[in-house]
file upload-v1.pdb (PDB, C-alpha atoms, pLDDT in the B column)
ATOM      1  CA  MET S 111     151.883 143.312 -34.760  1.00 40.00           C
ATOM      2  CA  LYS S 112     153.475 141.140 -37.426  1.00 50.00           C
ATOM      3  CA  CYS S 113     154.541 142.946 -40.588  1.00 51.00           C
ATOM      4  CA  SER S 114     152.762 141.716 -43.698  1.00 55.00           C
ATOM      5  CA  CYS S 115     155.449 143.015 -46.095  1.00 60.00           C
ATOM      6  CA  PRO S 116     157.821 140.034 -45.811  1.00 68.00           C
ATOM      7  CA  CYS S 117     155.003 137.497 -46.003  1.00 73.00           C
ATOM      8  CA  ALA S 118     153.447 139.101 -49.065  1.00 76.00           C
ATOM      9  CA  LEU S 119     156.834 139.394 -50.751  1.00 79.00           C
ATOM     10  CA  CYS S 120     157.738 135.763 -49.979  1.00 78.00           C
ATOM     11  CA  LEU S 121     154.469 134.464 -51.336  1.00 80.00           C
ATOM     12  CA  TYR S 122     154.701 136.581 -54.497  1.00 85.00           C
ATOM     13  CA  MET S 123     158.306 135.586 -55.305  1.00 84.00           C
ATOM     14  CA  THR S 124     157.709 131.920 -54.516  1.00 81.00           C
ATOM     15  CA  LYS S 125     154.811 131.859 -56.972  1.00 85.00           C
ATOM     16  CA  ARG S 126     156.887 133.632 -59.642  1.00 87.00           C
ATOM     17  CA  ILE S 127     159.841 131.262 -59.224  1.00 84.00           C
ATOM     18  CA  ASP S 128     157.651 128.155 -59.194  1.00 83.00           C
ATOM     19  CA  LYS S 129     155.827 129.301 -62.339  1.00 88.00           C
ATOM     20  CA  ALA S 130     159.078 130.006 -64.196  1.00 87.00           C
ATOM     21  CA  LEU S 131     160.523 126.629 -63.257  1.00 84.00           C
ATOM     22  CA  GLU S 132     157.339 124.827 -64.227  1.00 88.00           C
ATOM     23  CA  GLU S 133     157.179 126.563 -67.622  1.00 90.00           C
ATOM     24  CA  MET S 134     160.783 125.593 -68.368  1.00 88.00           C
ATOM     25  CA  ASN S 135     160.562 122.147 -66.732  1.00 88.00           C
ATOM     26  CA  LEU S 136     163.548 122.928 -64.487  1.00 82.00           C
ATOM     27  CA  PRO S 137     164.332 121.686 -60.961  1.00 79.00           C
ATOM     28  CA  LEU S 138     163.825 123.796 -57.865  1.00 73.00           C
ATOM     29  CA  SER S 139     167.470 123.241 -56.981  1.00 72.00           C
ATOM     30  CA  LEU S 140     168.462 126.012 -59.427  1.00 68.00           C
ATOM     31  CA  PHE S 141     167.482 128.478 -56.724  1.00 65.00           C
ATOM     32  CA  ALA S 142     168.822 129.058 -53.219  1.00 56.00           C
ATOM     33  CA  GLY S 143     172.161 127.541 -54.110  1.00 57.00           C
ATOM     34  CA  GLY S 144     170.632 124.116 -54.527  1.00 55.00           C
ATOM     35  CA  ARG S 145     169.102 124.237 -51.025  1.00 56.00           C
ATOM     36  CA  THR S 146     165.481 123.414 -51.773  1.00 56.00           C
ATOM     37  CA  GLU S 147     164.594 123.660 -48.093  1.00 61.00           C
ATOM     38  CA  LYS S 148     165.161 127.442 -48.355  1.00 57.00           C
ATOM     39  CA  ILE S 149     162.527 127.728 -51.077  1.00 57.00           C
ATOM     40  CA  ARG S 150     160.107 125.430 -49.256  1.00 60.00           C
ATOM     41  CA  ALA S 151     160.534 127.520 -46.096  1.00 59.00           C
ATOM     42  CA  ALA S 152     159.618 130.596 -48.144  1.00 53.00           C
ATOM     43  CA  GLU S 153     156.536 128.802 -49.418  1.00 54.00           C
ATOM     44  CA  GLN S 154     155.500 128.280 -45.814  1.00 57.00           C
ATOM     45  CA  GLU S 155     156.137 132.009 -45.263  1.00 52.00           C
ATOM     46  CA  LEU S 156     158.905 131.297 -42.806  1.00 51.00           C
ATOM     47  CA  GLU S 157     161.443 133.322 -44.740  1.00 57.00           C
ATOM     48  CA  CYS S 158     162.004 134.967 -48.101  1.00 62.00           C
ATOM     49  CA  CYS S 159     164.082 133.725 -50.983  1.00 64.00           C
ATOM     50  CA  CYS S 160     167.688 134.842 -50.700  1.00 71.00           C
ATOM     51  CA  ALA S 161     169.113 137.704 -52.739  1.00 76.00           C
ATOM     52  CA  LEU S 162     170.953 135.242 -54.987  1.00 77.00           C
ATOM     53  CA  SER S 163     167.714 133.437 -55.846  1.00 78.00           C
ATOM     54  CA  PHE S 164     166.056 136.751 -56.635  1.00 83.00           C
ATOM     55  CA  ILE S 165     168.923 137.844 -58.886  1.00 85.00           C
ATOM     56  CA  VAL S 166     169.002 134.480 -60.701  1.00 83.00           C
ATOM     57  CA  TYR S 167     165.260 134.763 -61.276  1.00 86.00           C
ATOM     58  CA  LEU S 168     165.553 138.377 -62.455  1.00 89.00           C
ATOM     59  CA  VAL S 169     168.478 137.763 -64.819  1.00 90.00           C
ATOM     60  CA  PHE S 170     167.562 134.396 -66.317  1.00 88.00           C
ATOM     61  CA  PHE S 171     163.820 133.824 -65.913  1.00 89.00           C
ATOM     62  CA  CYS S 172     161.988 137.135 -65.610  1.00 91.00           C
ATOM     63  CA  LYS S 173     160.429 138.065 -68.943  1.00 90.00           C
ATOM     64  CA  ASP S 174     159.629 141.664 -67.943  1.00 93.00           C
ATOM     65  CA  ALA S 175     161.847 143.119 -65.207  1.00 93.00           C
ATOM     66  CA  GLY S 176     160.043 146.456 -65.359  1.00 95.00           C
ATOM     67  CA  ALA S 177     156.695 144.820 -64.672  1.00 95.00           C
ATOM     68  CA  LEU S 178     158.228 142.799 -61.836  1.00 94.00           C
ATOM     69  CA  ILE S 179     159.558 145.958 -60.189  1.00 93.00           C
ATOM     70  CA  LEU S 180     156.172 147.674 -60.540  1.00 94.00           C
ATOM     71  CA  ASP S 181     154.422 144.637 -59.045  1.00 93.00           C
ATOM     72  CA  LEU S 182     156.856 144.570 -56.128  1.00 89.00           C
ATOM     73  CA  ARG S 183     156.453 148.295 -55.547  1.00 89.00           C
ATOM     74  CA  GLU S 184     152.667 147.961 -55.448  1.00 90.00           C
ATOM     75  CA  LEU S 185     152.807 144.916 -53.192  1.00 86.00           C
ATOM     76  CA  LEU S 186     155.167 146.574 -50.725  1.00 82.00           C
ATOM     77  CA  GLN S 187     153.260 149.863 -50.726  1.00 83.00           C
ATOM     78  CA  GLU S 188     149.976 148.094 -49.996  1.00 83.00           C
ATOM     79  CA  ALA S 189     151.511 146.002 -47.233  1.00 76.00           C
ATOM     80  CA  TYR S 190     153.330 148.972 -45.715  1.00 73.00           C
ATOM     81  CA  LEU S 191     150.326 151.265 -45.861  1.00 72.00           C
ATOM     82  CA  SER S 192     148.006 148.686 -44.333  1.00 70.00           C
ATOM     83  CA  GLU S 193     150.503 147.962 -41.561  1.00 68.00           C
ATOM     84  CA  TYR S 194     151.932 151.334 -40.604  1.00 64.00           C
ATOM     85  CA  VAL S 195     149.852 154.213 -41.927  1.00 59.00           C
ATOM     86  CA  ASP S 196     146.726 155.428 -40.207  1.00 59.00           C
ATOM     87  CA  PRO S 197     143.925 155.417 -42.836  1.00 56.00           C
ATOM     88  CA  ALA S 198     142.769 158.803 -41.495  1.00 60.00           C
ATOM     89  CA  PHE S 199     146.131 160.208 -42.632  1.00 55.00           C
ATOM     90  CA  LEU S 200     145.416 159.270 -46.245  1.00 51.00           C
TER      91      LEU S 200
END
call {"tool": "encode", "arguments": {"input": "upload-v1.pdb", "output": "structure tokens"}}
result
Amino acid sequence: MKCSCPCALCLYMTKRIDKALEEMNLPLSLFAGGRTEKIRAAEQELECCCALSFIVYLVFFCKDAGALILDLRELLQEAYLSEYVDPAFL
């Protein structure tokens, strides 16, 4: 069974990064060390953005880091629970 955590995380972060870049009219090459194919692969859910891209987003573009962390926690909990926890256990 394929884990939904990475896919959900990739999709969420790709949307956040794209939105930030669009709002500031900046090129995609700011992320993934200028390797736009890394971001496009994440958009296709092939892989997640790298740690550097996440940190750049968090430090320079994220308007509310606390809200981002809460969103990520919720996303990962939902994906983990749906994938690994028997609903009868809850």
call {"tool": "atom_distance", "arguments": {"input": "upload-v1.pdb", "atom1": "atom CA of Ser192 of chain S", "atom2": "atom CA of Ala130 of chain S"}}
result
29.4 Å
call {"tool": "residues_around", "arguments": {"input": "upload-v1.pdb", "residues": "segment 176-181 of chain S", "least_positions_apart": "3", "cutoff": "12 Å", "atoms": "all atoms listed in the file", "output": "ChimeraX atom specification"}}
result
/S:118-119,122-123,126-127,164,167-169,171-173,184-188
call {"tool": "atom_distance", "arguments": {"input": "upload-v1.pdb", "atom1": "atom CA of Phe170 of chain S", "atom2": "atom CA of Leu136 of chain S"}}
result
12.3 Å
call {"tool": "atom_distance", "arguments": {"input": "upload-v1.pdb", "atom1": "atom CA of Ala175 of chain S", "atom2": "atom CA of Leu191 of chain S"}}
result
23.9 Å
call {"tool": "closest_residue", "arguments": {"input": "upload-v1.pdb", "among": "S:Leu182, S:Ala189, S:Val166, S:Ala161", "to": "Ser139 of chain S", "atoms": "only C-alpha atoms"}}
result
S:Val166
call {"tool": "axis_aligned_box", "arguments": {"input": "upload-v1.pdb", "around": "segment 118-124 of chain S", "padding_each_side": "4 Å", "output": "AutoDock Vina command-line options"}}
result
--center_x 155.9 --center_y 135.7 --center_z -52.2 --size_x 12.9 --size_y 15.5 --size_z 14.2
